[in-house]
>>> print(open('coords.cif').read())   # mmCIF, C-alpha atoms and all ligand atoms
data_data
loop_
_atom_site.label_atom_id
_atom_site.label_comp_id
_atom_site.auth_asym_id
_atom_site.auth_seq_id
_atom_site.Cartn_x
_atom_site.Cartn_y
_atom_site.Cartn_z
CA MET R 123 141.74 96.86 186.41
CA PRO R 124 141.97 100.67 186.59
CA SER R 125 143.75 101.84 189.69
CA ILE R 126 141.39 102.88 192.43
CA HIS R 127 141.51 106.26 194.08
CA TYR R 128 139.32 107.16 196.98
CA PRO R 129 139.02 110.45 198.78
CA ALA R 130 140.97 110.16 202.02
CA HIS R 131 137.88 110.64 204.17
CA LEU R 132 136.36 107.43 202.79
CA LYS R 133 138.07 105.07 205.17
CA GLN R 134 138.66 101.51 204.10
CA HIS R 135 138.44 98.58 206.47
CA PHE R 136 139.86 95.09 206.52
CA ALA R 137 137.30 93.29 208.66
CA SER R 138 135.65 91.59 205.72
CA ASP R 139 135.50 91.79 201.97
CA ASN R 140 131.78 92.41 202.44
CA TYR R 141 132.52 95.86 203.89
CA ALA R 142 133.09 97.09 200.32
CA GLY R 143 130.29 98.40 198.15
CA MET R 144 129.31 97.25 194.68
CA CYS R 145 131.64 97.63 191.73
CA GLY R 146 130.85 99.84 188.74
CA PRO R 147 129.85 97.10 186.27
CA ALA R 148 127.47 95.55 188.83
CA ALA R 149 125.93 98.94 189.56
CA HIS R 150 125.56 99.58 185.83
CA TRP R 151 123.46 96.46 185.26
CA PHE R 152 121.53 97.04 188.47
CA ASN R 153 120.50 100.39 186.99
CA GLU R 154 119.87 98.92 183.54
CA ALA R 155 117.45 96.47 185.13
CA ASN R 156 115.79 99.35 186.94
CA ASN R 157 115.54 101.55 183.86
CA SER R 158 113.88 99.01 181.64
CA GLY R 159 110.37 99.11 183.00
CA HIS R 160 108.31 96.39 184.53
CA ALA R 161 109.51 92.80 184.50
CA PRO R 162 108.05 89.48 185.66
CA ALA R 163 108.75 88.68 189.32
CA TYR R 164 110.26 85.69 191.15
CA GLY R 165 112.97 84.99 188.58
CA ASP R 166 110.81 84.78 185.46
CA ASP R 167 112.53 87.88 184.05
CA GLU R 168 114.93 88.17 181.11
CA TRP R 169 117.84 89.27 183.31
CA THR R 170 117.76 86.14 185.39
CA LEU R 171 117.54 84.02 182.25
CA LYS R 172 120.48 85.87 180.66
CA VAL R 173 122.68 85.51 183.71
CA SER R 174 121.82 81.86 184.16
CA ASN R 175 122.78 81.20 180.54
CA ALA R 176 125.98 83.20 180.99
CA LEU R 177 126.88 81.11 184.04
CA ARG R 178 126.19 77.91 182.09
CA GLU R 179 128.52 79.21 179.41
CA LEU R 180 131.16 80.13 181.97
CA PHE R 181 131.12 76.65 183.46
CA GLN R 182 130.80 75.00 180.04
CA THR R 183 128.00 72.75 181.19
CA ASP R 184 124.25 72.62 181.49
CA CYS R 185 123.78 73.31 185.20
CA ASP R 186 120.80 74.44 187.31
CA ILE R 187 121.17 77.90 188.83
CA TYR R 188 119.35 79.67 191.67
CA PHE R 189 119.91 83.06 193.25
CA VAL R 190 119.62 83.67 196.98
CA PHE R 191 120.34 86.66 199.21
CA ASN R 192 123.38 85.40 201.10
CA GLY R 193 125.95 82.69 201.58
CA THR R 194 124.45 81.21 204.71
CA ALA R 195 121.22 80.50 202.83
CA ALA R 196 123.10 79.22 199.78
CA ASN R 197 125.09 76.73 201.88
CA SER R 198 122.23 75.74 204.16
CA LEU R 199 119.74 75.14 201.37
CA ALA R 200 122.24 73.42 199.11
CA LEU R 201 123.25 71.04 201.90
CA ALA R 202 119.60 70.47 202.83
CA SER R 203 118.91 69.42 199.25
CA LEU R 204 121.68 66.82 199.45
CA CYS R 205 120.72 65.38 202.82
CA GLN R 206 117.92 63.65 204.66
CA SER R 207 117.59 64.55 208.33
CA TYR R 208 119.54 61.44 209.40
CA HIS R 209 122.51 62.24 207.15
CA SER R 210 125.73 64.06 207.96
CA VAL R 211 128.13 66.47 206.28
CA VAL R 212 131.91 66.19 206.66
CA CYS R 213 133.64 69.55 206.95
CA SER R 214 136.74 71.17 208.43
CA PRO R 215 136.73 72.57 211.98
CA VAL R 216 136.99 76.12 210.63
CA ALA R 217 134.28 75.70 207.98
CA HIS R 218 131.91 78.63 207.78
CA ILE R 219 128.99 76.17 207.87
CA GLU R 220 130.30 74.92 211.24
CA THR R 221 131.38 78.15 212.89
CA ASP R 222 129.45 81.01 211.35
CA GLU R 223 126.00 80.00 210.17
CA CYS R 224 124.18 79.75 213.48
CA GLY R 225 123.17 76.16 212.81
CA GLY R 226 121.57 77.08 209.48
CA PRO R 227 122.62 73.90 207.65
CA GLU R 228 121.31 71.71 210.49
CA PHE R 229 118.10 73.75 210.72
CA PHE R 230 117.23 73.72 207.03
CA SER R 231 118.07 70.02 206.69
CA ASN R 232 115.88 69.19 209.68
CA GLY R 233 118.80 67.93 211.70
CA SER R 234 121.58 66.65 209.44
CA LYS R 235 124.71 66.71 211.56
CA LEU R 236 128.01 68.34 210.66
CA LEU R 237 130.94 65.98 211.22
CA VAL R 238 134.04 68.03 211.90
CA ALA R 239 137.12 66.30 210.49
CA ASP R 240 140.42 67.57 211.80
CA ALA R 241 143.01 66.80 209.12
CA GLY R 242 145.88 67.59 211.50
CA GLY R 243 149.28 68.97 210.52
CA ILE R 244 149.78 71.52 207.79
CA ALA R 245 146.41 70.86 206.16
CA ALA R 246 144.62 71.76 209.39
CA GLN R 247 146.79 74.85 209.83
CA HIS R 248 145.72 75.85 206.33
CA GLY R 249 142.03 75.24 207.07
CA LYS R 250 141.80 72.30 204.71
CA LEU R 251 140.34 68.83 204.63
CA THR R 252 142.39 65.95 203.24
CA PRO R 253 141.29 62.72 201.54
CA ASP R 254 142.56 60.79 204.59
CA ALA R 255 140.62 62.92 207.05
CA VAL R 256 137.46 62.39 205.03
CA GLU R 257 138.08 58.66 204.70
CA THR R 258 138.72 58.29 208.44
CA MET R 259 135.58 60.19 209.35
CA VAL R 260 133.43 58.28 206.90
CA THR R 261 134.67 54.80 207.77
CA LYS R 262 134.76 55.35 211.53
CA ARG R 263 131.26 53.99 211.99
CA SER R 264 128.76 52.26 209.78
CA ASP R 265 126.07 51.34 212.29
CA LEU R 266 122.68 52.95 212.29
CA HIS R 267 123.27 54.78 215.58
CA TYR R 268 125.52 57.23 213.78
CA PRO R 269 124.30 59.88 211.30
CA LYS R 270 125.09 58.50 207.85
CA PRO R 271 127.79 60.53 206.02
CA LYS R 272 126.30 61.92 202.84
CA VAL R 273 128.25 65.02 201.83
CA VAL R 274 131.76 66.44 201.92
CA SER R 275 131.86 70.22 202.10
CA LEU R 276 134.95 72.11 200.92
CA THR R 277 135.48 75.85 201.21
CA GLN R 278 137.34 77.35 198.25
CA ALA R 279 139.19 79.65 199.01
CA THR R 280 139.34 78.40 202.62
CA GLU R 281 138.42 80.30 205.76
CA LEU R 282 142.16 80.73 206.42
CA GLY R 283 142.93 82.38 203.10
CA THR R 284 144.46 79.33 201.47
CA VAL R 285 143.43 77.65 198.23
CA TYR R 286 142.93 73.97 197.44
CA THR R 287 144.87 72.99 194.31
CA VAL R 288 143.01 71.33 191.44
CA GLU R 289 144.62 68.02 192.46
CA GLU R 290 143.55 68.43 196.10
CA VAL R 291 139.92 69.04 195.11
CA ARG R 292 140.04 66.03 192.76
CA ALA R 293 141.54 63.76 195.40
CA ILE R 294 138.92 64.66 198.02
CA ALA R 295 136.10 64.34 195.49
CA ALA R 296 137.46 60.93 194.43
CA ILE R 297 137.25 59.63 198.01
CA ALA R 298 133.79 61.14 198.28
CA LYS R 299 132.62 59.35 195.14
CA ARG R 300 134.11 56.06 196.31
CA ARG R 301 132.17 56.42 199.58
CA GLN R 302 128.98 57.54 197.84
CA LEU R 303 129.18 61.07 199.17
CA LYS R 304 128.13 64.21 197.34
CA VAL R 305 130.55 67.13 197.13
CA HIS R 306 129.50 70.64 198.12
CA MET R 307 131.74 73.65 197.62
CA ASP R 308 131.32 76.80 199.69
CA GLY R 309 132.59 79.29 197.15
CA ALA R 310 132.02 82.53 199.02
CA ARG R 311 135.49 83.35 197.65
CA PHE R 312 135.44 81.06 194.63
CA ALA R 313 136.60 83.92 192.38
CA ASN R 314 139.68 84.51 194.52
CA ALA R 315 140.56 80.82 194.31
CA VAL R 316 140.18 80.69 190.52
CA ALA R 317 142.25 83.87 190.21
CA THR R 318 145.02 82.29 192.27
CA LEU R 319 145.01 78.95 190.49
CA GLY R 320 144.68 80.42 187.02
CA CYS R 321 142.56 77.42 186.12
CA HIS R 322 139.23 77.22 184.35
CA PRO R 323 136.31 77.46 186.82
CA SER R 324 135.14 74.03 185.67
CA ASP R 325 138.51 72.49 186.65
CA ILE R 326 137.85 72.89 190.39
CA THR R 327 134.12 72.21 190.19
CA TRP R 328 132.28 69.68 188.07
CA ARG R 329 135.32 68.42 186.19
CA ALA R 330 136.90 67.66 189.58
CA GLY R 331 133.77 66.03 190.98
CA VAL R 332 131.94 68.89 192.73
CA ASP R 333 128.15 68.43 192.63
CA VAL R 334 127.00 71.82 193.89
CA LEU R 335 128.78 75.16 194.17
CA CYS R 336 127.68 78.15 196.21
CA PHE R 337 129.21 80.85 194.02
CA GLY R 338 129.80 84.00 196.04
CA GLY R 339 129.10 87.37 194.53
CA THR R 340 128.67 89.71 197.49
CA LYS R 341 132.29 89.64 198.62
CA ASN R 342 133.54 90.16 195.08
CA GLY R 343 131.66 93.33 194.16
CA LEU R 344 127.96 92.55 193.89
CA PRO R 345 125.47 94.52 195.98
CA VAL R 346 123.88 91.31 197.27
CA GLY R 347 123.42 87.72 196.31
CA GLU R 348 125.01 84.34 195.72
CA ALA R 349 124.36 81.81 192.98
CA VAL R 350 123.70 78.18 193.85
CA VAL R 351 124.98 76.11 190.94
CA PHE R 352 123.90 72.47 190.68
CA PHE R 353 126.16 70.57 188.31
CA ASP R 354 124.22 67.39 189.06
CA LYS R 355 120.75 68.49 188.05
CA LYS R 356 119.08 65.54 189.77
CA LEU R 357 120.05 67.15 193.09
CA SER R 358 118.14 70.36 192.47
CA GLU R 359 114.74 68.74 192.32
CA ASP R 360 112.28 70.92 194.26
CA PHE R 361 115.09 73.33 195.18
CA ALA R 362 112.91 76.27 194.16
CA TYR R 363 110.41 75.27 196.86
CA ARG R 364 113.18 75.21 199.47
CA VAL R 365 114.30 78.68 198.44
CA LYS R 366 110.75 80.01 198.68
CA GLN R 367 110.03 78.35 202.03
CA ALA R 368 113.26 79.73 203.48
CA GLY R 369 112.24 83.27 202.56
CA GLN R 370 115.06 83.48 200.01
CA LEU R 371 113.01 83.88 196.84
CA ALA R 372 113.40 87.52 195.81
CA SER R 373 110.28 88.82 194.13
CA LYS R 374 112.34 91.43 192.26
CA MET R 375 114.90 88.79 191.42
CA ARG R 376 116.32 90.88 188.58
CA PHE R 377 118.11 93.13 191.06
CA ILE R 378 120.05 90.15 192.37
CA SER R 379 120.68 88.55 189.00
CA ALA R 380 121.27 91.50 186.63
CA PRO R 381 124.41 92.77 188.44
CA TRP R 382 126.02 89.39 187.68
CA LEU R 383 126.05 90.46 184.02
CA GLY R 384 128.55 93.13 184.97
CA MET R 385 130.67 90.56 186.78
CA LEU R 386 130.66 88.04 183.96
CA HIS R 387 131.21 90.44 181.07
CA ASP R 388 134.95 90.84 180.39
CA ASP R 389 135.66 88.56 183.37
CA VAL R 390 135.24 91.36 185.88
CA TRP R 391 134.66 88.67 188.52
CA LEU R 392 138.25 87.55 187.92
CA SER R 393 139.84 90.98 187.69
CA ASN R 394 138.09 92.01 190.93
CA ALA R 395 139.43 88.87 192.61
CA ARG R 396 142.92 89.36 191.17
CA HIS R 397 143.00 92.88 192.56
CA ALA R 398 141.86 91.75 196.03
CA ASN R 399 144.43 88.94 195.97
CA ALA R 400 147.19 91.33 194.91
CA MET R 401 146.35 93.70 197.76
CA ALA R 402 146.51 90.76 200.18
CA GLN R 403 149.93 89.84 198.78
CA ARG R 404 151.08 93.40 199.31
CA LEU R 405 149.85 93.39 202.90
CA SER R 406 151.24 89.94 203.56
CA ALA R 407 154.72 90.90 202.36
CA LYS R 408 154.72 94.02 204.50
CA LEU R 409 153.52 92.22 207.63
CA ASP R 410 155.91 89.33 207.11
CA ALA R 411 158.76 91.83 207.27
CA ILE R 412 157.68 93.16 210.70
CA PRO R 413 159.27 91.45 213.70
CA ASN R 414 156.69 89.97 216.16
CA CYS R 415 154.11 89.74 213.40
CA ARG R 416 153.68 86.06 212.62
CA LEU R 417 151.70 84.94 209.56
CA LEU R 418 149.39 82.07 210.49
CA ALA R 419 148.85 80.72 207.00
CA PRO R 420 150.28 81.41 203.56
CA THR R 421 148.47 84.19 201.73
CA GLN R 422 146.91 82.52 198.70
CA ALA R 423 143.68 84.47 198.29
CA ASN R 424 142.47 87.84 199.58
CA GLY R 425 142.95 87.42 203.32
CA VAL R 426 145.98 87.79 205.58
CA PHE R 427 146.03 85.98 208.92
CA VAL R 428 148.51 87.00 211.57
CA HIS R 429 149.15 86.55 215.24
CA LEU R 430 149.32 89.86 217.11
CA PRO R 431 149.74 90.38 220.85
CA LYS R 432 146.64 91.62 222.69
CA PRO R 433 148.02 95.11 223.45
CA ALA R 434 148.77 95.65 219.77
CA ILE R 435 145.25 94.53 218.82
CA GLU R 436 143.80 97.00 221.30
CA ALA R 437 146.02 99.80 220.05
CA LEU R 438 144.86 99.18 216.48
CA GLN R 439 141.23 99.09 217.50
CA THR R 440 141.60 102.29 219.47
CA ALA R 441 143.10 103.87 216.37
CA GLY R 442 139.89 102.96 214.52
CA TRP R 443 140.94 99.90 212.51
CA ARG R 444 138.27 97.26 212.19
CA PHE R 445 139.16 93.59 211.79
CA TYR R 446 138.22 90.25 213.27
CA GLU R 447 140.41 88.76 215.96
CA PHE R 448 138.42 85.66 216.86
CA ILE R 449 138.88 83.82 213.58
CA ALA R 450 141.63 81.26 213.04
CA GLY R 451 142.16 80.30 216.66
CA GLY R 452 142.92 83.72 218.02
CA GLY R 453 144.57 85.09 214.92
CA CYS R 454 143.75 88.43 213.38
CA ARG R 455 142.16 88.44 209.95
CA PHE R 456 142.65 91.21 207.42
CA MET R 457 140.54 90.88 204.27
CA CYS R 458 141.13 92.80 201.08
CA SER R 459 138.33 93.49 198.66
CA TRP R 460 137.89 94.40 195.00
CA ASP R 461 138.33 98.09 195.84
CA THR R 462 141.03 97.98 198.53
CA THR R 463 143.64 100.59 197.70
CA ALA R 464 147.40 100.19 197.95
CA GLU R 465 147.38 103.34 200.12
CA ALA R 466 144.99 101.71 202.59
CA VAL R 467 147.13 98.58 202.70
CA ASP R 468 150.25 100.63 203.34
CA ALA R 469 148.50 102.66 206.04
CA LEU R 470 147.32 99.49 207.76
CA ALA R 471 150.76 97.88 207.59
CA ALA R 472 152.31 101.04 209.06
CA ALA R 473 149.67 101.11 211.81
CA ILE R 474 150.36 97.48 212.70
CA ALA R 475 154.10 98.12 212.81
CA ALA R 476 153.53 101.18 215.02
CA ALA R 477 151.16 99.28 217.33
CA LEU R 478 153.71 96.53 217.78
CA THR R 479 156.51 98.99 218.50
CA SER R 480 154.55 101.07 220.97
CA THR R 481 153.15 98.08 222.87
CA THR R 482 156.17 95.84 222.94
CA ALA R 483 158.92 98.37 223.62
CA PRO R 484 160.77 97.64 226.86
CA SER R 485 159.83 99.99 229.67
CA PRO R 486 162.48 102.62 230.51
CA GLN R 487 164.93 101.59 233.22
C1 LIG U 501 131.05 85.20 204.02
C2 LIG U 501 131.05 83.72 203.89
C3 LIG U 501 129.86 83.02 203.63
C4 LIG U 501 128.53 83.69 203.46
O1 LIG U 501 128.14 84.46 204.51
P1 LIG U 501 126.85 85.39 204.49
O2 LIG U 501 127.20 86.45 205.47
O3 LIG U 501 125.71 84.55 204.94
O4 LIG U 501 126.64 85.89 203.11
C5 LIG U 501 129.95 81.65 203.45
N1 LIG U 501 131.13 81.01 203.54
C6 LIG U 501 132.28 81.65 203.78
C7 LIG U 501 133.55 80.88 203.82
C8 LIG U 501 132.27 83.03 203.98
O5 LIG U 501 133.42 83.65 204.25
#
>>> encode(input="coords.cif", output="structure tokens", more="lines below")
Ligand SMILES: *Cc1c(COP(=O)(O)O)cnc(C)c1O
Amino acid sequence: MPSIHYPAHLKQHFASDNYAGMCGPAAHWFNEANNSGHAPAYGDDEWTLKVSNALRELFQTDCDIYFVFNGTAANSLALASLCQSYHSVVCSPVAHIETDECGGPEFFSNGSKLLVADAGGIAAQHGKLTPDAVETMVTKRSDLHYPKPKVVSLTQATELGTVYTVEEVRAIAAIAKRRQLKVHMDGARFANAVATLGCHPSDITWRAGVDVLCFGGTKNGLPVGEAVVFFDKKLSEDFAYRVKQAGQLASKMRFISAPWLGMLHDDVWLSNARHANAMAQRLSAKLDAIPNCRLLAPTQANGVFVHLPKPAIEALQTAGWRFYEFIAGGGCRFMCSWDTTAEAVDALAAAIAAALTSTTAPSPQ
């Protein structure tokens, strides 16, 4: 990854990895698709075919692939395809599908309920589900007055910037299989997780028992778009109709699909993620060294979660820093992206240190 230099007036933010623009290779293929004349619409173009084949090659399996505009649609439609209206989906209390999709999964599945399973202890603090938490939730009731558990949804990397190990994914998927549940993976930050684990992408998906993956592209350097990857092709029956009905079928699909070529060639998707992860490590180490700045979860992907006192938060916001403070039970979230610079990280860390000093200094006697 070449080092990134930005003019100082182009401020970088840490609110979300989707604040960043598109990376060079994605932009290149976006333009290639634009400069090659007319092409069939609605996904019948050569770009979409090429990218789908490249994704099948990446995962080393014959999977079904669809492109949608965003992660909320990817998750909602994928879950809807796994569930009848009377089914339910087991997820963690901090799952994006539970807290940040405005009821999309329930809406598109005509009422399937999300069952929030609190794993307790360290797992919960890390935003994870555990096999036990899934088992408890699924065996709690078996009568017909309760929505029948049908899916387990894992977020990889998690909403708290941690990463499930290969063994953890396998163990949860094994319980799911034993209880006849399908496994959905919200992979808005799948690339960051693979970069951290250093595993093959198949090792934490179909080889571990995942049936459908929502493979995020937007947060990793694409202009727009997520891929929904069905490893169990029986589950994608009629999925194209769902996508169309939901208003997620892009007529000029090639502009969503072609940029993926830039991500997949030379494993740019991984180098982008590695860079974002490295910037998060840099920030994490700096914040960990500041007194009064408590890390809420280990930094395993591209986000750093810390507890900051209210006055310090306000001082940072007044100084123009943008970040979320309502995620992770009152913690502050700082996300790094594929183009986050070391200078920006250092400036943020210095600003946080200064905000803590100025707002927590004892008043003069
Ligand atoms: C960002 C994100 C999504 C997708 O969100 P959209 O804004 O709808 O693209 C899904 N899951 C997680 C964990 C996310 O962080």
>>> residues_around(input="coords.cif", residues="Thr258 in chain R", least_positions_apart="6", cutoff="12 Å", atoms="all atoms listed in the file", output="list in words")
Val212, Leu237, Val238, Ala239, Asp240, Ala241, Leu251, Thr252, Ser264, Pro271, Ile297, Ala298 and Arg301 of chain R
>>> atom_distance(input="coords.cif", atom1="CA of Pro253 in chain R", atom2="CA of Val274 in chain R")
10.2 Å
>>> residues_near_ligand(input="coords.cif", ligand="ligand LIG 501 (chain U)", cutoff="10 Å", atoms="all atoms listed in the file", output="VMD selection string")
chain R and resid 138 to 140 190 to 198 216 to 224 226 276 to 283 307 to 312 336 to 341 346 to 348
>>> atom_distance(input="coords.cif", atom1="CA of Cys458 in chain R", atom2="CA of Ala149 in chain R")
20.0 Å
>>> atom_distance(input="coords.cif", atom1="CA of Ile474 in chain R", atom2="CA of Trp443 in chain R")
9.7 Å
>>> closest_residue(input="coords.cif", among="R:Arg444, R:Arg404, R:Lys355, R:Arg455", to="Asp186 in chain R", atoms="only C-alpha atoms")
R:Lys355
>>> closest_residue(input="coords.cif", among="R:Ile449, R:Met457, R:Cys185, R:Ala293", to="Trp328 in chain R", atoms="only C-alpha atoms")
R:Cys185
>>> residues_near_point(input="coords.cif", point="(132.5, 65.0, 197.5)", cutoff="10 Å", atoms="all atoms listed in the file", output="PyMOL selection string")
chain R and resi 211-212+253+256+272-276+291-307+330-334
>>> residues_near_point(input="coords.cif", point="(133.3, 77.2, 181.3)", cutoff="9 Å", atoms="only C-alpha atoms", output="CSV table (one decimal) with C-alpha atoms, keeping the file's coordinate frame")
chain,number,residue,atom,x,y,z
R,177,LEU,CA,126.9,81.1,184.0
R,178,ARG,CA,126.2,77.9,182.1
R,179,GLU,CA,128.5,79.2,179.4
R,180,LEU,CA,131.2,80.1,182.0
R,181,PHE,CA,131.1,76.6,183.5
R,182,GLN,CA,130.8,75.0,180.0
R,183,THR,CA,128.0,72.8,181.2
R,322,HIS,CA,139.2,77.2,184.4
R,323,PRO,CA,136.3,77.5,186.8
R,324,SER,CA,135.1,74.0,185.7
R,325,ASP,CA,138.5,72.5,186.6
>>> residues_around(input="coords.cif", residues="Leu319 in chain R", least_positions_apart="4", cutoff="10 Å", atoms="only C-alpha atoms", output="PyMOL selection string")
chain R and resi 285-288+313-315+323+325-326+422-423
>>> closest_residue(input="coords.cif", among="R:Ala246, R:Ala402, R:Ala411, R:Ala437", to="Gly425 in chain R", atoms="all atoms listed in the file")
R:Ala402
>>> residues_around(input="coords.cif", residues="Thr479 in chain R", least_positions_apart="4", cutoff="12 Å", atoms="only C-alpha atoms", output="NGL selection string")
:R and (412-415 or 430-431 or 433-434 or 437-438 or 472-475 or 483-485)
>>> closest_residue(input="coords.cif", among="R:Ala142, R:Pro227, R:Ala317, R:Asp265", to="His397 in chain R", atoms="all atoms listed in the file")
R:Ala317
>>> closest_residue(input="coords.cif", among="R:Glu465, R:Val350, R:Leu383, R:Glu289", to="Arg329 in chain R", atoms="all atoms listed in the file")
R:Glu289
